[in-house]
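So the structure is just underneath, and the comments pick up after that.
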Amino acid sequence: MAANEKKLVEQITSMDEDFAKWYTDIVKKADLIDYSSVKGCMIIRPYGYAIWENIQKILDSRFKETGVENVYMPMFIPESLLTKEKDHVEGFAPEVAWVTHGGHEKLAERLCVRPTSETLFCEHYANIIKSYRDLPKVYNQWCSVVRWEKTTRPFLRSREFLWQEGHTMHRTAEEAEARTVQMLGVYADFFENDLGIPVVKGQKTDKEKFAGAVATYTVEALMHDGKALQGGTSHNFGCEFAKAFGIQFLDSDNKLKAPYQTSWGVSTRIIGGIIMTHGDDSGLVLPPAVAPIQVVIIPVQQHKEGVLDAASAIAERLKAIGVRVKLDDSDNSPGWKFSEYEMKGVPLRVEIGPRDLAENKCVIVRRDNREKAFVNLDELESAVKSGLEALRKALYEKALKNRENRTFVAENLEELKKIAAENDGYIKAMWCGDLECELKLKEDADVTSRCMPFDMEAIGTKCVCCGREAKKLVLWGKAY
RNA sequence: CGGGAUGUAGCGCAGUUGGUAGCGCGCUUGCUUUGGGAGCAAGAUGUCGCAGGUUCAAAUCCUGUCAUUCCGACCA
């Protein structure tokens with residue numbers, strides 16, 4: 001009884017009661033971050049950073065398979081450089097941080113801390129691109145950027161965050177468009193197959209697109225609570241930036257032309273997406289691809305003859321097949337360890353104790369459904385491999401089901417308002433393409449356009465808002 | 001940026017007529033335990049977020065400020 005009471009006190013907030021509080025509980029209790037003394041700037045703790053490192057490793061190698069080269073650009077942008085492209089600066093000006101002094105000296109020109117690096121890449125590309133033979137340029141950088149947000153939340157909206165930003169230059173519009181779509185595909189594949197997060201690929205409306213872009217493509221994910229999260233974006237800039245920055249190359253027809261540009265990025269926000277897609281009331285649930293610990297081994301009655309040896313042997317065998325494994329032989333009780341690694345979202349737990357030893361077995365428990373499997377030690381490797389794979393698929397299926405349950409269809413404004421008032425999720429509705437209707441839906445139903453999906457059938461011919469001829473199917477929702 | 005809540009030991013909290021700070025967990029040591037957050041015993045741990053002010057005296061009252069959090073507005 002006393003134990004039960006204690007457990008209740010220590011439990012995290014229930015996700016269906018208070019999702020926001022549940023989220024901040026998890027982030028702290030799974031030891032992903034700590035707060036720093038500057039608002040909106042978080043300390044990413046080793047366990048949280050290890051997730052990011054795994055994300056980096058996977059994406060970086062996928063990028064490089066497509067010909068991407070990594071570079072590093074400065075973190076400061078002179079004001080005059082930032083302001084060269086009008087739409088761009090208007091989009092970012094309200095949230096840039098400025099450096100005004102060097103030591104005690106006031107700077108002649110203030111420097112902004114990069115909120116994104118299009119302008120820096122453009123300045124550089126203007127210097128190194130002279131001929132069509134210099135194209136394409138396919139650069140990427142891993143870095144942090146700063147956006148002085150007013151409201152902040154760990155991973156989802158912080159003032160400084162880690163990301164990658166790819167910036168490319170191409171000889172033709174077709175090639176730039178192909179690269180934009182290609183990188184969106186890399187993101188979508190990563191989300192769905194590695195993270196188990198189903199996404200909708202689509203295009204942003206003009207209102208929601210990146211400041212200065214011709215077209216913004218996005219992968220959109222739906223969180224457990226029915227709110228949408230933009231997972232990654234890929235932008236096609238056309239030649240607008242190139243013209244503003246004077247980037248020109250001499251083409252094979254001996255004519256000076258402006259190259260076509262793209263940029264694409266994902267950030268540590270992905271970690272927030274993982275938490276809010278897969279987590280449950282016992283804590284984090286991590287997809288094996290990015291889990292810092294894929295299998296935790298918990299010895300039971302570890303002082304008994306042979307238990308720790310057997311646990312170590314299991315650890316070595318799993319390491320040998322490339323599994324990230326941790327053996328916890330600390331003095332904490334087994335029950336404590338079970339809860340601890342559930343909070344941390346470790347996909348599989350292996351228990352080994354005297355009873356198992358006697359039968360040459362171990363117990364393998366899946367984090368997502370807590371199903372216990374009694375596995376013969378001779379079949380350890382295959383059981384772990386298939387367990388991780390089954391979990392990965394199950395995470396995806398569960399998230400997909402949540403999205404399906406939360407996807408609605410609206411044919412007119414009244415319907416849409418009613419759905420939006422009663423549910424959180426995606427609302428599929430046709431749209432005429434006018435900004436006015438987009439604004440009205442925000443005003444009347446408190447939803448914004450998430451994207452115009454690439455692969456969804458039209459569900460009607462009339463705009464859900466004004467009733468005129470509809471151009472696009474749009475997914476509407478409330479976003480993080 | 002507006003409204004609400006919060007800030008006291010590593011964590012969670014108590015602390016009102018203002019009087020020199022306490023509980024639980026955790027931590028340290030020892031013994032017993034170990035298949036869902038173990039038990040007993042003995043210990044250690046605090047610029048009460050920060051800065052001013054009122055007062056003989058401030059965790060407590062006042063002002064400001066910083067941070068966290070929730071709800072809006074804004075924003076990717």
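In the structure tokens, the first chain shown is A, the next is B, and so on; residue numbers restart at 1 for each chain, and ligands run from 1 in the order shown.
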
TODO: as a list in words, list the residues of stretch 343-400 of chain A assigned to strand (DSSP E or B) by DSSP on the backbone atoms of this structure.
DONE: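 Residues meeting the strand (DSSP E or B) criterion: Leu348, Arg349, Val350, Glu351, Ile352, Lys361, Cys362, Val363, Ile364, Val365, Arg366, Lys372, Ala373, Phe374, Val375 and Asn376 of chain A.
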
Contacts from chain B to chain A, 10 Å maximum, only C-alpha atoms (C1' of nucleotides): show me the residue list as a PDB file with N, CA and C atoms (P, O5', C5', C4', C3', O3' and C1' of nucleotides), in the first residue's frame.
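Result file out14.pdb:
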```pdb
ATOM      1  P     C B   1       8.432  42.267 -24.163  1.00  0.00           P
ATOM      2  O5'   C B   1       6.895  42.110 -24.516  1.00  0.00           O
ATOM      3  C5'   C B   1       6.197  43.251 -24.938  1.00  0.00           C
ATOM      4  C4'   C B   1       4.763  42.899 -25.151  1.00  0.00           C
ATOM      5  C3'   C B   1       3.986  42.427 -23.929  1.00  0.00           C
ATOM      6  O3'   C B   1       3.617  43.493 -23.075  1.00  0.00           O
ATOM      7  C1'   C B   1       3.425  41.089 -25.801  1.00  0.00           C
ATOM      8  P     C B  11      16.890  20.553  -7.992  1.00  0.00           P
ATOM      9  O5'   C B  11      15.847  19.355  -7.908  1.00  0.00           O
ATOM     10  C5'   C B  11      15.592  18.532  -9.038  1.00  0.00           C
ATOM     11  C4'   C B  11      14.536  17.513  -8.690  1.00  0.00           C
ATOM     12  C3'   C B  11      13.267  18.079  -8.077  1.00  0.00           C
ATOM     13  O3'   C B  11      12.370  18.560  -9.062  1.00  0.00           O
ATOM     14  C1'   C B  11      14.002  16.285  -6.753  1.00  0.00           C
ATOM     15  P     G B  12      11.388  19.746  -8.683  1.00  0.00           P
ATOM     16  O5'   G B  12      10.352  19.053  -7.694  1.00  0.00           O
ATOM     17  C5'   G B  12       9.495  18.019  -8.162  1.00  0.00           C
ATOM     18  C4'   G B  12       8.644  17.523  -7.033  1.00  0.00           C
ATOM     19  C3'   G B  12       7.917  18.604  -6.248  1.00  0.00           C
ATOM     20  O3'   G B  12       6.752  19.050  -6.910  1.00  0.00           O
ATOM     21  C1'   G B  12       8.906  17.075  -4.750  1.00  0.00           C
ATOM     22  P     G B  24      11.263  12.912   7.178  1.00  0.00           P
ATOM     23  O5'   G B  24      10.718  12.549   5.731  1.00  0.00           O
ATOM     24  C5'   G B  24       9.454  11.896   5.566  1.00  0.00           C
ATOM     25  C4'   G B  24       9.134  11.763   4.101  1.00  0.00           C
ATOM     26  C3'   G B  24      10.230  11.140   3.253  1.00  0.00           C
ATOM     27  O3'   G B  24      10.224   9.725   3.329  1.00  0.00           O
ATOM     28  C1'   G B  24       9.454  13.088   2.193  1.00  0.00           C
ATOM     29  P     C B  25      11.586   8.932   3.146  1.00  0.00           P
ATOM     30  O5'   C B  25      11.957   9.142   1.609  1.00  0.00           O
ATOM     31  C5'   C B  25      11.211   8.505   0.581  1.00  0.00           C
ATOM     32  C4'   C B  25      11.592   9.054  -0.768  1.00  0.00           C
ATOM     33  C3'   C B  25      13.045   8.862  -1.183  1.00  0.00           C
ATOM     34  O3'   C B  25      13.306   7.570  -1.692  1.00  0.00           O
ATOM     35  C1'   C B  25      12.399  11.090  -1.614  1.00  0.00           C
ATOM     36  P     U B  33      19.554 -11.568   3.482  1.00  0.00           P
ATOM     37  O5'   U B  33      18.341 -10.699   2.957  1.00  0.00           O
ATOM     38  C5'   U B  33      17.926 -10.779   1.626  1.00  0.00           C
ATOM     39  C4'   U B  33      17.015  -9.621   1.301  1.00  0.00           C
ATOM     40  C3'   U B  33      16.617  -9.552  -0.160  1.00  0.00           C
ATOM     41  O3'   U B  33      15.488 -10.349  -0.407  1.00  0.00           O
ATOM     42  C1'   U B  33      17.401  -7.435   0.557  1.00  0.00           C
ATOM     43  P     U B  34      15.543 -11.353  -1.651  1.00  0.00           P
ATOM     44  O5'   U B  34      15.351 -10.403  -2.911  1.00  0.00           O
ATOM     45  C5'   U B  34      14.319  -9.422  -2.921  1.00  0.00           C
ATOM     46  C4'   U B  34      14.549  -8.463  -4.063  1.00  0.00           C
ATOM     47  C3'   U B  34      14.563  -9.132  -5.438  1.00  0.00           C
ATOM     48  O3'   U B  34      14.035  -8.250  -6.404  1.00  0.00           O
ATOM     49  C1'   U B  34      16.619  -8.050  -5.069  1.00  0.00           C
ATOM     50  P     G B  35      12.445  -8.139  -6.597  1.00  0.00           P
ATOM     51  O5'   G B  35      12.314  -7.864  -8.147  1.00  0.00           O
ATOM     52  C5'   G B  35      12.749  -8.878  -9.048  1.00  0.00           C
ATOM     53  C4'   G B  35      11.689  -9.117 -10.070  1.00  0.00           C
ATOM     54  C3'   G B  35      10.375  -9.661  -9.487  1.00  0.00           C
ATOM     55  O3'   G B  35       9.322  -9.121 -10.251  1.00  0.00           O
ATOM     56  C1'   G B  35      11.336 -11.269 -10.925  1.00  0.00           C
ATOM     57  P     G B  36       8.335  -8.072  -9.639  1.00  0.00           P
ATOM     58  O5'   G B  36       9.154  -6.752 -10.063  1.00  0.00           O
ATOM     59  C5'   G B  36       9.628  -5.841  -9.058  1.00  0.00           C
ATOM     60  C4'   G B  36       8.897  -4.517  -9.181  1.00  0.00           C
ATOM     61  C3'   G B  36       7.412  -4.550  -8.818  1.00  0.00           C
ATOM     62  O3'   G B  36       7.021  -3.281  -8.306  1.00  0.00           O
ATOM     63  C1'   G B  36       7.630  -3.917 -11.047  1.00  0.00           C
ATOM     64  P     G B  37       7.599  -2.890  -6.786  1.00  0.00           P
ATOM     65  O5'   G B  37       8.890  -2.073  -7.190  1.00  0.00           O
ATOM     66  C5'   G B  37       8.779  -0.826  -7.842  1.00  0.00           C
ATOM     67  C4'   G B  37      10.075  -0.080  -7.697  1.00  0.00           C
ATOM     68  C3'   G B  37      10.286   0.589  -6.352  1.00  0.00           C
ATOM     69  O3'   G B  37      11.683   0.600  -6.140  1.00  0.00           O
ATOM     70  C1'   G B  37      10.352   2.200  -8.038  1.00  0.00           C
ATOM     71  P     A B  38      12.251  -0.388  -5.012  1.00  0.00           P
ATOM     72  O5'   A B  38      11.222  -0.317  -3.803  1.00  0.00           O
ATOM     73  C5'   A B  38      11.616   0.111  -2.540  1.00  0.00           C
ATOM     74  C4'   A B  38      11.623  -1.067  -1.589  1.00  0.00           C
ATOM     75  C3'   A B  38      12.077  -0.690  -0.197  1.00  0.00           C
ATOM     76  O3'   A B  38      10.984  -0.157   0.545  1.00  0.00           O
ATOM     77  C1'   A B  38      13.191  -2.655  -0.911  1.00  0.00           C
ATOM     78  P     C B  66      13.580  41.517 -16.719  1.00  0.00           P
ATOM     79  O5'   C B  66      14.180  40.085 -16.356  1.00  0.00           O
ATOM     80  C5'   C B  66      15.575  39.863 -16.424  1.00  0.00           C
ATOM     81  C4'   C B  66      15.910  38.547 -15.770  1.00  0.00           C
ATOM     82  C3'   C B  66      15.139  37.332 -16.268  1.00  0.00           C
ATOM     83  O3'   C B  66      15.643  36.835 -17.479  1.00  0.00           O
ATOM     84  C1'   C B  66      15.186  37.304 -13.920  1.00  0.00           C
ATOM     85  P     A B  67      14.672  36.071 -18.503  1.00  0.00           P
ATOM     86  O5'   A B  67      14.401  34.685 -17.756  1.00  0.00           O
ATOM     87  C5'   A B  67      15.437  33.739 -17.602  1.00  0.00           C
ATOM     88  C4'   A B  67      15.005  32.649 -16.665  1.00  0.00           C
ATOM     89  C3'   A B  67      13.780  31.848 -17.090  1.00  0.00           C
ATOM     90  O3'   A B  67      14.103  30.876 -18.061  1.00  0.00           O
ATOM     91  C1'   A B  67      13.596  32.419 -14.812  1.00  0.00           C
ATOM     92  P     U B  68      12.962  30.362 -19.080  1.00  0.00           P
ATOM     93  O5'   U B  68      12.060  29.431 -18.170  1.00  0.00           O
ATOM     94  C5'   U B  68      12.582  28.224 -17.644  1.00  0.00           C
ATOM     95  C4'   U B  68      11.588  27.590 -16.719  1.00  0.00           C
ATOM     96  C3'   U B  68      10.207  27.340 -17.313  1.00  0.00           C
ATOM     97  O3'   U B  68      10.184  26.168 -18.094  1.00  0.00           O
ATOM     98  C1'   U B  68       9.964  28.336 -15.194  1.00  0.00           C
ATOM     99  P     U B  69       9.270  26.125 -19.400  1.00  0.00           P
ATOM    100  O5'   U B  69       7.814  26.047 -18.768  1.00  0.00           O
ATOM    101  C5'   U B  69       7.421  24.920 -17.993  1.00  0.00           C
ATOM    102  C4'   U B  69       6.100  25.183 -17.340  1.00  0.00           C
ATOM    103  C3'   U B  69       4.978  25.598 -18.284  1.00  0.00           C
ATOM    104  O3'   U B  69       4.403  24.484 -18.928  1.00  0.00           O
ATOM    105  C1'   U B  69       5.001  27.024 -16.419  1.00  0.00           C
ATOM    106  P     C B  70       3.785  24.653 -20.376  1.00  0.00           P
ATOM    107  O5'   C B  70       2.319  25.184 -20.061  1.00  0.00           O
ATOM    108  C5'   C B  70       1.419  24.382 -19.319  1.00  0.00           C
ATOM    109  C4'   C B  70       0.207  25.193 -18.935  1.00  0.00           C
ATOM    110  C3'   C B  70      -0.458  25.941 -20.087  1.00  0.00           C
ATOM    111  O3'   C B  70      -1.294  25.108 -20.859  1.00  0.00           O
ATOM    112  C1'   C B  70      -0.209  27.396 -18.263  1.00  0.00           C
ATOM    113  P     C B  74      -2.584  36.364 -33.880  1.00  0.00           P
ATOM    114  O5'   C B  74      -1.011  36.635 -33.814  1.00  0.00           O
ATOM    115  C5'   C B  74      -0.488  37.941 -34.005  1.00  0.00           C
ATOM    116  C4'   C B  74       0.990  37.940 -33.753  1.00  0.00           C
ATOM    117  C3'   C B  74       1.820  37.026 -34.666  1.00  0.00           C
ATOM    118  O3'   C B  74       2.080  37.623 -35.924  1.00  0.00           O
ATOM    119  C1'   C B  74       2.483  36.696 -32.433  1.00  0.00           C
ATOM    120  P     C B  75       2.084  36.694 -37.238  1.00  0.00           P
ATOM    121  O5'   C B  75       3.380  35.795 -37.023  1.00  0.00           O
ATOM    122  C5'   C B  75       4.667  36.395 -36.993  1.00  0.00           C
ATOM    123  C4'   C B  75       5.678  35.396 -36.500  1.00  0.00           C
ATOM    124  C3'   C B  75       5.866  34.160 -37.380  1.00  0.00           C
ATOM    125  O3'   C B  75       6.746  34.426 -38.445  1.00  0.00           O
ATOM    126  C1'   C B  75       5.682  33.502 -35.108  1.00  0.00           C
ATOM    127  P     A B  76       6.628  33.559 -39.788  1.00  0.00           P
ATOM    128  O5'   A B  76       7.409  32.195 -39.414  1.00  0.00           O
ATOM    129  C5'   A B  76       8.809  32.202 -39.171  1.00  0.00           C
ATOM    130  C4'   A B  76       9.226  30.862 -38.564  1.00  0.00           C
ATOM    131  C3'   A B  76       9.754  29.861 -39.596  1.00  0.00           C
ATOM    132  O3'   A B  76      10.957  29.284 -39.079  1.00  0.00           O
ATOM    133  C1'   A B  76       8.217  28.832 -38.130  1.00  0.00           C
TER     134        A B  76
END
```

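The two atoms in question, atom CA of A:Lys361 and atom CA of A:Leu380, are spaced 8.8 Å apart.
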
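The shortest atom-to-atom distance to A:Lys57, with only C-alpha atoms taken into account, belongs to A:Val290 out of A:Ile12, A:Ile364, A:Val290, A:Leu81.
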
Open item on the list: Residues of stretch 52-180 of chain A classed as helix (DSSP H, G or I) by DSSP on the backbone are to be reported as a PyMOL selection string.
Closed with: chain A and resi 52-65+79-82+86-95+118-128+132-134+173-180

Selection file, C-alpha atoms, as a PDB file, in the first residue's frame:
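Written file, again.pdb:
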```pdb
ATOM      1  CA  TRP A  52      20.486  14.111 -31.727  1.00  0.00           C
ATOM      2  CA  GLU A  53      23.841  12.526 -32.566  1.00  0.00           C
ATOM      3  CA  ASN A  54      22.045   9.458 -33.869  1.00  0.00           C
ATOM      4  CA  ILE A  55      19.736  11.625 -35.939  1.00  0.00           C
ATOM      5  CA  GLN A  56      22.780  13.440 -37.315  1.00  0.00           C
ATOM      6  CA  LYS A  57      24.638  10.239 -38.178  1.00  0.00           C
ATOM      7  CA  ILE A  58      21.759   8.795 -40.147  1.00  0.00           C
ATOM      8  CA  LEU A  59      20.799  11.960 -41.990  1.00  0.00           C
ATOM      9  CA  ASP A  60      24.369  13.000 -42.682  1.00  0.00           C
ATOM     10  CA  SER A  61      25.156   9.742 -44.420  1.00  0.00           C
ATOM     11  CA  ARG A  62      21.901   9.898 -46.413  1.00  0.00           C
ATOM     12  CA  PHE A  63      22.729  13.449 -47.476  1.00  0.00           C
ATOM     13  CA  LYS A  64      26.182  12.443 -48.597  1.00  0.00           C
ATOM     14  CA  GLU A  65      24.757   9.588 -50.647  1.00  0.00           C
ATOM     15  CA  GLU A  79      23.014  43.844 -41.053  1.00  0.00           C
ATOM     16  CA  SER A  80      23.632  45.019 -44.617  1.00  0.00           C
ATOM     17  CA  LEU A  81      23.917  41.418 -45.789  1.00  0.00           C
ATOM     18  CA  LEU A  82      20.812  40.213 -43.991  1.00  0.00           C
ATOM     19  CA  LYS A  86      13.420  42.104 -48.887  1.00  0.00           C
ATOM     20  CA  ASP A  87      10.958  39.284 -48.143  1.00  0.00           C
ATOM     21  CA  HIS A  88      13.585  37.390 -46.244  1.00  0.00           C
ATOM     22  CA  VAL A  89      14.483  40.181 -43.863  1.00  0.00           C
ATOM     23  CA  GLU A  90      10.843  41.070 -43.280  1.00  0.00           C
ATOM     24  CA  GLY A  91      10.208  37.498 -42.279  1.00  0.00           C
ATOM     25  CA  PHE A  92      13.055  37.226 -39.827  1.00  0.00           C
ATOM     26  CA  ALA A  93      13.672  40.768 -38.553  1.00  0.00           C
ATOM     27  CA  PRO A  94      11.279  40.527 -35.591  1.00  0.00           C
ATOM     28  CA  GLU A  95      13.158  37.633 -34.080  1.00  0.00           C
ATOM     29  CA  GLU A 118      20.720  31.831 -46.771  1.00  0.00           C
ATOM     30  CA  THR A 119      22.393  35.232 -46.958  1.00  0.00           C
ATOM     31  CA  LEU A 120      25.804  33.917 -45.922  1.00  0.00           C
ATOM     32  CA  PHE A 121      25.652  31.105 -48.429  1.00  0.00           C
ATOM     33  CA  CYS A 122      24.597  33.568 -51.120  1.00  0.00           C
ATOM     34  CA  GLU A 123      27.498  35.877 -50.375  1.00  0.00           C
ATOM     35  CA  HIS A 124      29.874  32.940 -50.593  1.00  0.00           C
ATOM     36  CA  TYR A 125      28.309  31.457 -53.702  1.00  0.00           C
ATOM     37  CA  ALA A 126      28.644  34.827 -55.434  1.00  0.00           C
ATOM     38  CA  ASN A 127      32.377  34.493 -54.945  1.00  0.00           C
ATOM     39  CA  ILE A 128      32.840  30.908 -56.044  1.00  0.00           C
ATOM     40  CA  TYR A 132      28.179  26.510 -65.441  1.00  0.00           C
ATOM     41  CA  ARG A 133      31.057  24.154 -64.743  1.00  0.00           C
ATOM     42  CA  ASP A 134      30.945  25.335 -61.092  1.00  0.00           C
ATOM     43  CA  ALA A 173      15.038  25.468 -62.561  1.00  0.00           C
ATOM     44  CA  GLU A 174      14.270  21.804 -63.170  1.00  0.00           C
ATOM     45  CA  GLU A 175      17.382  20.693 -61.392  1.00  0.00           C
ATOM     46  CA  ALA A 176      16.616  22.914 -58.384  1.00  0.00           C
ATOM     47  CA  GLU A 177      13.065  21.628 -58.213  1.00  0.00           C
ATOM     48  CA  ALA A 178      14.317  18.053 -58.397  1.00  0.00           C
ATOM     49  CA  ARG A 179      16.727  18.692 -55.507  1.00  0.00           C
ATOM     50  CA  THR A 180      13.978  20.303 -53.420  1.00  0.00           C
TER      51      THR A 180
END
```

Task: Residue contacts of stretch 47-58 of chain B (10 Å, only C-alpha atoms (C1' of nucleotides)) excluding same-chain residues fewer than 6 positions away, as number ranges by chain - done: B: 7-8, 18-21, 64-67

Prev. selection, C-alpha atoms (C1' of nucleotides), output as a PDB file, in the first residue's frame:
```pdb
ATOM      1  C1'   G B   7      10.612  30.102  -7.529  1.00  0.00           C
ATOM      2  C1'   U B   8      12.847  27.471  -0.008  1.00  0.00           C
ATOM      3  C1'   G B  18       7.522  39.189  10.659  1.00  0.00           C
ATOM      4  C1'   G B  19      11.559  36.329  15.570  1.00  0.00           C
ATOM      5  C1'   U B  20      17.662  33.241  13.120  1.00  0.00           C
ATOM      6  C1'   A B  21      14.296  27.063   8.268  1.00  0.00           C
ATOM      7  C1'   G B  64      11.682  46.092  -9.312  1.00  0.00           C
ATOM      8  C1'   U B  65      13.924  42.248 -11.976  1.00  0.00           C
ATOM      9  C1'   C B  66      15.186  37.304 -13.920  1.00  0.00           C
ATOM     10  C1'   A B  67      13.596  32.419 -14.812  1.00  0.00           C
TER      11        A B  67
END
```

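Among the candidates B:A73, B:C31, B:G4, B:A9, the one nearest to B:A44 when counting only C-alpha atoms (C1' of nucleotides) is B:A9.
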
- [ ] Could you jot down the atom CA of A:Leu284 to atom CA of A:Phe408 separation for me, Å, one decimal place?
- [x]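 That distance, rounded to one decimal, is 28.1 Å.
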
Task: Distance in Å - atom CA of A:Ile271 versus atom CA of A:Ile293 - done: 15.4 Å

- [ ] Find the residues near A:Arg324: any atom within 9 Å, counting only C-alpha atoms (C1' of nucleotides), skip ones fewer than 2 places away on the same chain, and give them as a ChimeraX atom specification.
- [x] /A:291-296,318-319,322,326

- [ ] Determine, counting only C-alpha atoms (C1' of nucleotides), which protein, DNA and RNA residues have an atom within 12 Å of an atom of stretch 428-431 of chain A; residues of the same chain fewer than 2 positions away are not included. Present the result as number ranges by chain.
- [x] A: 205, 404, 406-413, 415-417, 419-420, 425-426, 433-441, 447-453, 456-477

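Here the question is which of A:Phe237, A:Tyr72, A:Tyr396, A:Phe161 gets nearest to A:Ile274 using only C-alpha atoms, and that residue is A:Tyr396.
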
TODO: With a distance cut-off of 10 Å and only C-alpha atoms (C1' of nucleotides), select the neighbouring residues of A:Arg370, excluding the residue or stretch itself and same-chain residues fewer than 3 positions from it, and output the selection as an MDAnalysis selection string.
DONE: chainID A and resid 342 347:349 364:367 373

Dump as a CSV table (one decimal), in the first residue's frame, selection limited to N, CA and C atoms:
```
chain,number,residue,atom,x,y,z
A,342,GLU,N,12.1,2.6,-18.6
A,342,GLU,CA,10.8,2.9,-19.3
A,342,GLU,C,10.7,4.4,-19.5
A,347,PRO,N,14.0,0.8,-26.0
A,347,PRO,CA,13.0,-0.1,-26.8
A,347,PRO,C,12.9,-1.5,-26.2
A,348,LEU,N,14.0,-2.1,-25.8
A,348,LEU,CA,13.9,-3.5,-25.3
A,348,LEU,C,14.6,-3.6,-24.0
A,349,ARG,N,14.1,-4.5,-23.1
A,349,ARG,CA,14.7,-4.8,-21.9
A,349,ARG,C,14.9,-6.3,-21.8
A,364,ILE,N,12.7,-11.0,-22.5
A,364,ILE,CA,12.8,-9.8,-23.3
A,364,ILE,C,11.5,-9.1,-23.3
A,365,VAL,N,11.5,-7.8,-22.9
A,365,VAL,CA,10.3,-7.1,-22.7
A,365,VAL,C,10.3,-5.9,-23.7
A,366,ARG,N,9.2,-5.7,-24.4
A,366,ARG,CA,9.1,-4.6,-25.3
A,366,ARG,C,8.6,-3.3,-24.6
A,367,ARG,N,9.2,-2.2,-24.9
A,367,ARG,CA,8.8,-1.0,-24.2
A,367,ARG,C,7.4,-0.5,-24.6
A,373,ALA,N,8.7,-11.9,-23.4
A,373,ALA,CA,9.0,-13.1,-24.2
A,373,ALA,C,10.0,-13.8,-23.5
```

Task: Neighbour list for stretch 215-222 of chain A as a VMD selection string, cut-off 6 Å, only C-alpha atoms (C1' of nucleotides), skip fewer than 4 positions in-chain - done: chain A and resid 199 to 204 209 226 to 236

Open item on the list: Using only C-alpha atoms, can you tell me which of A:Val113, A:Val266, A:Ala242, A:Ala320 comes closest to A:Trp163?
Closed with: A:Val266
